[in-house]
Amino acid sequence: MTGTEKTAPRHIAVIDVGKTNAKLALVEACSLQEIAVVTRPNRVLPGPPWPHFDLDGHWAFFLEHLTRFQSDHGIDAISVATHGASAVLLDADRQLAAPMLDYEHDGPEACAAEYDRLRPDFARTGSPRLPLGLNLGAQLHWQFTTWPDLHERVAHIVTYPQYWGLRLTGNLATDVTSLGCHTDLWSPWEGGFSDLPHRLGIAEKIVEPLRPGAVLGTLRADIAATTGIAATTPVMVGIHDSNASLLPYLGSHRAFSVVSTGTWVIVMAIGAGRQPLDPDRDTLINVNAENAPVPSARFMGGREYELLREGCSAAPSPQACDDILARGVMILPSAVPGTGPFPDHALEWIGEAASPSERMAAIGFYLAMMTESCLALIGARGPAIVEGPFAANPAYLEMLAALRPDGVRVAQSATGTSAGAALLALPATAPPEARPHPSPAQRDALRAYFESWRGAISARAGG
């Protein structure tokens, strides 16, 4: 149902599954603000046959709150955004053929050498070789190798947003943004599948992609009866969550970058042009909702934040920021090794924070400097638009604003993911406002601190 003409719904329900939490938000169309939000942890269940996500638990949660949102506000459309590096294996009856593998499971490492002989070059896919199951192709190779009868039982492979679309509509799809998310399965410059699906023997099983903004279908009759939502309600194909954050700004037609913050901090550059990227430093090519390649880089910023703060909830006060700058207390990467712009470096503190507020200031500075390192690697130009949790971190914003030549803008929504996913159900609209962050008073000191940080990293690496 790709040709269904869009009307202007008032309220869009957004299923938003991140690596840390599963969320259901109700977005008001005219303001793109969330008027109702509920979350649950995205916990991983143990095997057999492997650690997997609690899909049935999420589904019950979504149904319960879709029912409540419909009763309280009314729902006119449903959209979906999920984390990447994930697919769902279905049998001929469109039921689970196997549990959905957690991409942080180390199982695929057992077949790494064999997989490396199969995967296409980075130049073709824009997909760096990542550890664990972060390359979807590596997951699929390991699963079909480990469970020999799985290949025969799997009839359909769908990317993760479309699994929820299937449960809502009964229809199958994949989407270009999920297939283009370091899967090894897609060639962004060509806008189609790479050679890998044929090499894995699954080319006929991967469902053909649709644009994220197409209508996947309308609500199944039984779901409509359960929730009270009209059976004619459109369900969008859905989108990879970082691309949902990018989507609202695609119509601006100028150079800019979006910094999507969550478990992963993912930076995406528009207008950067095609240039060499370093796959060993977690740079990659994403694919946006228009099926265009987007130079990107990332690190596990949200995970690093949690590890570094060790439960501390203090605010990074202006005085704490000044004291950290004056004494040169800093954090060297990486809190989560193996990913990001410095994957081979081990965490190190230089100096010691004298208070919880200073600790949080040092963490905010560190995360901003890691973000700047990612932006530099992909040649990002223009303002950096920050969305997600770090958009409320004053130390992070101060440092990043000091380092970005064209400044930093702060997304007005608490998260860009829900707003971006909701836009899939709406007619074309102007980019949302993003508030300019003031130029920092300590700009020179912040830049000097950053240069000291880079020098310390270089010296530790032997130059």
# chains A, B, ... in the order shown; residues from 1 in each chain; ligands from 1

call {"tool": "select_by_dssp", "arguments": {"residues": "stretch 220-413 of chain A", "states": "alpha helix (DSSP H)", "output": "MDAnalysis selection string"}}
result
chainID A and resid 221:227 241:246 301:309 318:327 356:377 394:403

call {"tool": "write_last_selection", "arguments": {"atoms": "C-alpha atoms", "output": "mmCIF file, in the first residue's frame"}}
result
data_model
loop_
_atom_site.group_PDB
_atom_site.id
_atom_site.type_symbol
_atom_site.label_atom_id
_atom_site.label_comp_id
_atom_site.auth_asym_id
_atom_site.auth_seq_id
_atom_site.Cartn_x
_atom_site.Cartn_y
_atom_site.Cartn_z
ATOM 1 C CA ALA A 221 -9.048 -6.205 12.644
ATOM 2 C CA ASP A 222 -8.155 -8.036 15.869
ATOM 3 C CA ILE A 223 -5.733 -5.289 16.937
ATOM 4 C CA ALA A 224 -8.365 -2.658 16.179
ATOM 5 C CA ALA A 225 -10.880 -4.567 18.291
ATOM 6 C CA THR A 226 -8.404 -4.927 21.174
ATOM 7 C CA THR A 227 -7.239 -1.317 21.255
ATOM 8 C CA ASP A 241 16.046 5.435 15.027
ATOM 9 C CA SER A 242 19.082 7.580 14.237
ATOM 10 C CA ASN A 243 17.645 8.311 10.818
ATOM 11 C CA ALA A 244 14.412 9.344 12.512
ATOM 12 C CA SER A 245 16.450 12.014 14.283
ATOM 13 C CA LEU A 246 17.882 13.161 10.957
ATOM 14 C CA GLY A 301 28.147 7.705 24.457
ATOM 15 C CA GLY A 302 25.113 6.846 26.551
ATOM 16 C CA ARG A 303 26.730 3.631 27.751
ATOM 17 C CA GLU A 304 29.955 5.496 28.521
ATOM 18 C CA TYR A 305 28.023 8.133 30.444
ATOM 19 C CA GLU A 306 26.465 5.504 32.679
ATOM 20 C CA LEU A 307 29.772 3.732 33.265
ATOM 21 C CA LEU A 308 31.646 6.931 34.065
ATOM 22 C CA ARG A 309 29.123 8.531 36.392
ATOM 23 C CA PRO A 318 29.468 26.402 36.020
ATOM 24 C CA GLN A 319 31.985 26.580 38.877
ATOM 25 C CA ALA A 320 32.756 22.871 38.536
ATOM 26 C CA CYS A 321 33.330 23.344 34.802
ATOM 27 C CA ASP A 322 35.704 26.259 35.500
ATOM 28 C CA ASP A 323 37.621 24.236 38.091
ATOM 29 C CA ILE A 324 37.997 21.252 35.756
ATOM 30 C CA LEU A 325 39.354 23.544 33.035
ATOM 31 C CA ALA A 326 41.743 25.273 35.416
ATOM 32 C CA ARG A 327 43.213 22.036 36.811
ATOM 33 C CA PRO A 356 30.486 14.906 42.188
ATOM 34 C CA SER A 357 29.731 18.082 40.224
ATOM 35 C CA GLU A 358 33.302 18.170 38.918
ATOM 36 C CA ARG A 359 33.071 14.528 37.939
ATOM 37 C CA MET A 360 29.959 15.245 35.904
ATOM 38 C CA ALA A 361 31.624 18.276 34.308
ATOM 39 C CA ALA A 362 34.593 16.149 33.226
ATOM 40 C CA ILE A 363 32.219 13.520 31.812
ATOM 41 C CA GLY A 364 30.267 16.142 29.859
ATOM 42 C CA PHE A 365 33.481 17.570 28.396
ATOM 43 C CA TYR A 366 34.733 14.090 27.502
ATOM 44 C CA LEU A 367 31.543 13.143 25.691
ATOM 45 C CA ALA A 368 31.567 16.407 23.734
ATOM 46 C CA MET A 369 35.196 15.911 22.692
ATOM 47 C CA MET A 370 34.404 12.387 21.542
ATOM 48 C CA THR A 371 31.493 13.842 19.554
ATOM 49 C CA GLU A 372 33.750 16.455 17.971
ATOM 50 C CA SER A 373 36.233 13.714 17.052
ATOM 51 C CA CYS A 374 33.429 11.865 15.273
ATOM 52 C CA LEU A 375 32.283 15.011 13.445
ATOM 53 C CA ALA A 376 35.815 15.740 12.258
ATOM 54 C CA LEU A 377 36.255 12.209 10.921
ATOM 55 C CA PRO A 394 25.259 21.983 29.964
ATOM 56 C CA ALA A 395 28.900 20.854 30.130
ATOM 57 C CA TYR A 396 28.497 18.830 26.955
ATOM 58 C CA LEU A 397 26.877 21.708 25.079
ATOM 59 C CA GLU A 398 29.450 24.259 26.250
ATOM 60 C CA MET A 399 32.376 22.173 25.047
ATOM 61 C CA LEU A 400 30.802 21.189 21.739
ATOM 62 C CA ALA A 401 29.735 24.786 21.031
ATOM 63 C CA ALA A 402 33.312 25.925 21.607
ATOM 64 C CA LEU A 403 34.660 23.366 19.144
#

call {"tool": "residues_around", "arguments": {"residues": "stretch 199-208 of chain A", "least_positions_apart": "5", "cutoff": "7 Å", "atoms": "only C-alpha atoms", "output": "PyMOL selection string"}}
result
chain A and resi 118+141+155-158+172-174

call {"tool": "write_last_selection", "arguments": {"atoms": "C-alpha atoms", "output": "compact mmCIF listing (two decimals), in the first residue's frame"}}
result
# COMPACT_ATOMS: atom_id res chain seq x y z
CA LEU A 118 32.34 -13.53 2.66
CA HIS A 141 25.84 -15.98 9.08
CA ALA A 155 10.83 -18.00 4.98
CA HIS A 156 11.15 -14.24 5.58
CA ILE A 157 13.78 -11.91 7.06
CA VAL A 158 12.52 -8.47 8.09
CA LEU A 172 5.90 -7.68 5.32
CA ALA A 173 8.66 -5.20 4.44
CA THR A 174 12.16 -4.06 5.21

call {"tool": "residues_around", "arguments": {"residues": "A:Glu34", "least_positions_apart": "2", "cutoff": "9 Å", "atoms": "only C-alpha atoms", "output": "number ranges by chain"}}
result
A: 25-28, 31-32, 36-37, 413-414, 418-419

call {"tool": "atom_distance", "arguments": {"atom1": "atom CA of A:Ile385", "atom2": "atom CA of A:Val38"}}
result
25.4 Å

call {"tool": "residues_around", "arguments": {"residues": "A:Asp280", "least_positions_apart": "5", "cutoff": "9 Å", "atoms": "only C-alpha atoms", "output": "list of chain:residue names"}}
result
A:Pro128, A:Arg129, A:Leu130, A:Thr339, A:Gly340, A:Pro341, A:Phe342, A:Pro343

call {"tool": "closest_residue", "arguments": {"among": "A:Ser127, A:Thr20, A:Ser178, A:Thr145", "to": "A:Ala85", "atoms": "only C-alpha atoms"}}
result
A:Ser178

call {"tool": "closest_atom_pairs", "arguments": {"of": "stretch 119-172 of chain A", "to": "stretch 48-59 of chain A", "cutoff": "12 Å", "atoms": "only C-alpha atoms", "output": "tab-separated table"}}
result
residue	atom	partner	partner_atom	distance
A:Gly133	CA	A:Pro51	CA	11.7
A:Gln139	CA	A:Trp50	CA	11.3
A:Trp142	CA	A:Trp50	CA	11.2
A:Gln143	CA	A:Trp50	CA	9.3
A:Thr146	CA	A:Pro49	CA	9.5
A:Trp147	CA	A:Pro49	CA	8.8
A:Leu150	CA	A:Pro49	CA	11.7
A:Tyr160	CA	A:Leu55	CA	10.7
A:Tyr163	CA	A:Leu55	CA	9.7
A:Trp164	CA	A:Trp59	CA	8.3
A:Gly165	CA	A:Trp59	CA	11.4
A:Leu166	CA	A:Trp59	CA	11.7
A:Arg167	CA	A:Trp59	CA	8.6
A:Leu168	CA	A:Trp59	CA	9.9

call {"tool": "select_by_dssp", "arguments": {"residues": "stretch 159-230 of chain A", "states": "strand (DSSP E or B)", "output": "short mmCIF file (atom, residue, chain, number, x, y, z; two decimals) with N, CA and C atoms, in the first residue's frame"}}
result
data_model
loop_
_atom_site.label_atom_id
_atom_site.label_comp_id
_atom_site.auth_asym_id
_atom_site.auth_seq_id
_atom_site.Cartn_x
_atom_site.Cartn_y
_atom_site.Cartn_z
N THR A 159 13.68 -6.44 8.72
CA THR A 159 14.40 -5.58 9.64
C THR A 159 13.46 -5.17 10.77
N THR A 174 10.98 -4.57 4.54
CA THR A 174 12.16 -4.06 5.21
C THR A 174 12.21 -2.57 4.86
N ASP A 175 13.20 -1.84 5.39
CA ASP A 175 13.32 -0.44 4.98
C ASP A 175 14.78 -0.11 4.72
N TRP A 186 23.95 -4.03 2.24
CA TRP A 186 23.44 -2.96 1.38
C TRP A 186 24.60 -2.17 0.78
N SER A 187 24.41 -1.67 -0.43
CA SER A 187 25.39 -0.81 -1.10
C SER A 187 24.80 0.59 -1.20
N GLY A 192 21.04 -0.33 -3.43
CA GLY A 192 20.48 -1.68 -3.51
C GLY A 192 21.30 -2.66 -2.70
N PHE A 193 20.90 -3.92 -2.74
CA PHE A 193 21.58 -4.95 -1.95
C PHE A 193 23.01 -5.15 -2.45
N ILE A 206 15.16 -12.25 2.31
CA ILE A 206 15.10 -10.87 2.79
C ILE A 206 13.99 -10.14 2.02
N PRO A 209 12.82 -3.89 0.34
CA PRO A 209 12.62 -2.68 1.14
C PRO A 209 11.61 -1.71 0.53
N LEU A 210 10.98 -0.96 1.43
CA LEU A 210 10.12 0.16 1.07
C LEU A 210 10.69 1.42 1.70
N VAL A 215 3.13 3.77 3.43
CA VAL A 215 2.16 3.13 4.32
C VAL A 215 2.29 1.62 4.16
N LEU A 216 2.65 0.96 5.24
CA LEU A 216 2.79 -0.49 5.20
C LEU A 216 1.43 -1.16 5.08
N GLY A 217 0.44 -0.60 5.75
CA GLY A 217 -0.91 -1.14 5.71
C GLY A 217 -1.76 -0.49 6.78
N THR A 218 -2.94 -0.99 6.96
CA THR A 218 -3.83 -0.51 8.03
C THR A 218 -3.92 -1.56 9.12
#

call {"tool": "closest_residue", "arguments": {"among": "A:Gly74, A:Gly311, A:Gly328, A:Pro41", "to": "A:Ala445", "atoms": "only C-alpha atoms"}}
result
A:Gly328

call {"tool": "closest_residue", "arguments": {"among": "A:Asp149, A:Glu114, A:Glu64, A:Asp121", "to": "A:Leu185", "atoms": "only C-alpha atoms"}}
result
A:Asp121

call {"tool": "atom_distance", "arguments": {"atom1": "atom CA of A:Arg298", "atom2": "atom CA of A:Ile378"}}
result
10.3 Å

call {"tool": "closest_residue", "arguments": {"among": "A:Ser355, A:Asn291, A:Thr39, A:Thr67", "to": "A:Ala314", "atoms": "only C-alpha atoms"}}
result
A:Ser355

call {"tool": "closest_residue", "arguments": {"among": "A:Glu190, A:Glu433, A:Glu152, A:Asp406", "to": "A:Leu90", "atoms": "only C-alpha atoms"}}
result
A:Glu152
